[in-house]
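Engineer: Before anything else, here's the structure in question.
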Amino acid sequence: MADTVIVDMLENHIAEITLNRPDSLNTFTLTLASELTAALQQLDGDPAVRVIILKGAGKAFCAGIDVGDFFGKSTLEYRDWIECMETPLITISRMKKPVVAQVHGVAAANGAGLVAACDLAVAADNAKMGLTAINVGLNCVGPVVPVTRSVGRKRAMELLLYGELVKAPAALEMGLINKVVPANDLEMETRRWAAVLADKSPVAVQIAKSAFYAAADLNYDKAFAYMNEAFARLCSSEDAKEGVSAFLEKRRPTWQEK
C-alpha cells in the first residue's frame, strides 16, 4: 500500500509534504491524518528544515474527509474520528517552522480548513476553496475555526452555511490565501517564495510565528506585553546581533541559530 503522505527534502532548507491519495482527491482518512501529523512534527524537529511546503498529488489539493467509513459509529467514536482528522490543523499552529500551502484544483471542507490552518498559502489561479460539508447534511464547524481567523466572522459564516466553492481571486480578496499565480507556475512560485522565507533568520522566523499565535487570543494590552517579551528574547540571540551588524556593515548576514 502506498504511503498516504510523501516527504521530500528540497534545496534551500525547504521540505515538501505531499498528500498522496490522488485517486480520492487526497481526502482525509485516519491514516492520512495520522501520517500528516507525524510528518509535520518530524520536519519541525529537523534542524536542516526551515520552511515546509504542503501540497496535494493529482487533480486536487484536498477535497475534505473521506466519508467511506462514516456509518456505524457512536457519538464518542465520531468525536475521536473527527479529532484525528483535525489534529494536523492544530499541529501547524503549534509548530516552530512555517508551513506554506500550495493549492491547486479543489480545497474543500477539511481541505479548505487545512489551507487556512497553514501559515501562508499560494494558490493556482484556477483553484477553488470552500466549506462544502453543509451540502451533504454535515457541517465544517472544525475547519471554520482557522477559516474564521483568516477571513473574519461574516465571511466565515457565509462559507459555513452556504457551502459554496469560491475561486482563487475571491479567496485572495477575503484573506483566505496570500497569493494567486498562474497554474503552470504554481510549484515554481511556491518554492521561490518559500526560499525567500528560508533565507531569513530561522530563530527570528520561529519566534515571530510562535508569538503571533500565542498573542492572537490575548487582550490588546496583554498582546503587546507578550510580543515585547518575545522581541526582547530575540534581541538577545546571536542572529539578531549578526543581522544588525550585517545591515550596518552592508554585507549579507550569516545566520547562526536554528
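In the C-alpha cells, the first chain shown is A, the next is B, and so on; residue numbers restart at 1 for each chain, and ligands run from 1 in the order shown.
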Just the strand (DSSP E or B) stuff from stretch 24-253 of chain A, please, per backbone DSSP, written as a VMD selection string.

Structural biologist: chain A and resid 28 51 to 56 62 65 99 to 103 106 to 108 120 to 124 128 to 130 166 to 167 179 to 181

Engineer: Would you pick out the contacts of A:Gly45 at 10 Å or less, using only C-alpha atoms, so that residues sharing its chain but fewer than 4 positions from it are not included, and give the list as a list in words?

Structural biologist: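 The contact residues come out as Leu40, Gln41, Val49, Arg50, Met95, Lys96 and Lys97 of chain A.
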
Engineer: Write out as an NGL selection string the set of residues from stretch 153-213 of chain A that DSSP, computed on the backbone, places in helix (DSSP H, G or I).

Structural biologist: :A and (153-162 or 168-174 or 183-198 or 202-213)

Engineer: Counting only C-alpha atoms, which residues in stretch 11-120 of chain A sit no more than 12 Å from stretch 146-157 of chain A? For each one, give the nearest pair of atoms and the distance in Å, sorted by chain then residue number, as JSON lines.

Structural biologist:
```
{"residue": "A:Glu86", "atom": "CA", "partner": "A:Pro146", "partner_atom": "CA", "distance": 10.9}
{"residue": "A:Pro88", "atom": "CA", "partner": "A:Pro146", "partner_atom": "CA", "distance": 11.9}
{"residue": "A:Leu89", "atom": "CA", "partner": "A:Pro146", "partner_atom": "CA", "distance": 8.1}
{"residue": "A:Ile90", "atom": "CA", "partner": "A:Pro146", "partner_atom": "CA", "distance": 9.0}
{"residue": "A:Ile92", "atom": "CA", "partner": "A:Pro146", "partner_atom": "CA", "distance": 10.8}
{"residue": "A:Ser93", "atom": "CA", "partner": "A:Pro146", "partner_atom": "CA", "distance": 9.7}
{"residue": "A:Ala108", "atom": "CA", "partner": "A:Val147", "partner_atom": "CA", "distance": 11.8}
{"residue": "A:Ala109", "atom": "CA", "partner": "A:Val147", "partner_atom": "CA", "distance": 10.5}
{"residue": "A:Asn110", "atom": "CA", "partner": "A:Val147", "partner_atom": "CA", "distance": 10.4}
{"residue": "A:Gly111", "atom": "CA", "partner": "A:Val147", "partner_atom": "CA", "distance": 11.0}
{"residue": "A:Ala112", "atom": "CA", "partner": "A:Val147", "partner_atom": "CA", "distance": 7.8}
{"residue": "A:Gly113", "atom": "CA", "partner": "A:Val147", "partner_atom": "CA", "distance": 6.1}
{"residue": "A:Leu114", "atom": "CA", "partner": "A:Pro146", "partner_atom": "CA", "distance": 8.2}
{"residue": "A:Val115", "atom": "CA", "partner": "A:Val147", "partner_atom": "CA", "distance": 8.5}
{"residue": "A:Ala116", "atom": "CA", "partner": "A:Val147", "partner_atom": "CA", "distance": 5.3}
{"residue": "A:Ala117", "atom": "CA", "partner": "A:Pro146", "partner_atom": "CA", "distance": 5.3}
{"residue": "A:Cys118", "atom": "CA", "partner": "A:Pro146", "partner_atom": "CA", "distance": 8.8}
{"residue": "A:Asp119", "atom": "CA", "partner": "A:Ser150", "partner_atom": "CA", "distance": 10.0}
{"residue": "A:Leu120", "atom": "CA", "partner": "A:Ser150", "partner_atom": "CA", "distance": 10.4}
```

Engineer: Give the answer as one residue: which of A:Ala215, A:Ala204, A:Leu10, A:Ala171 has the shortest atom-to-atom distance to A:Gly243, using only C-alpha atoms?

Structural biologist: A:Ala204
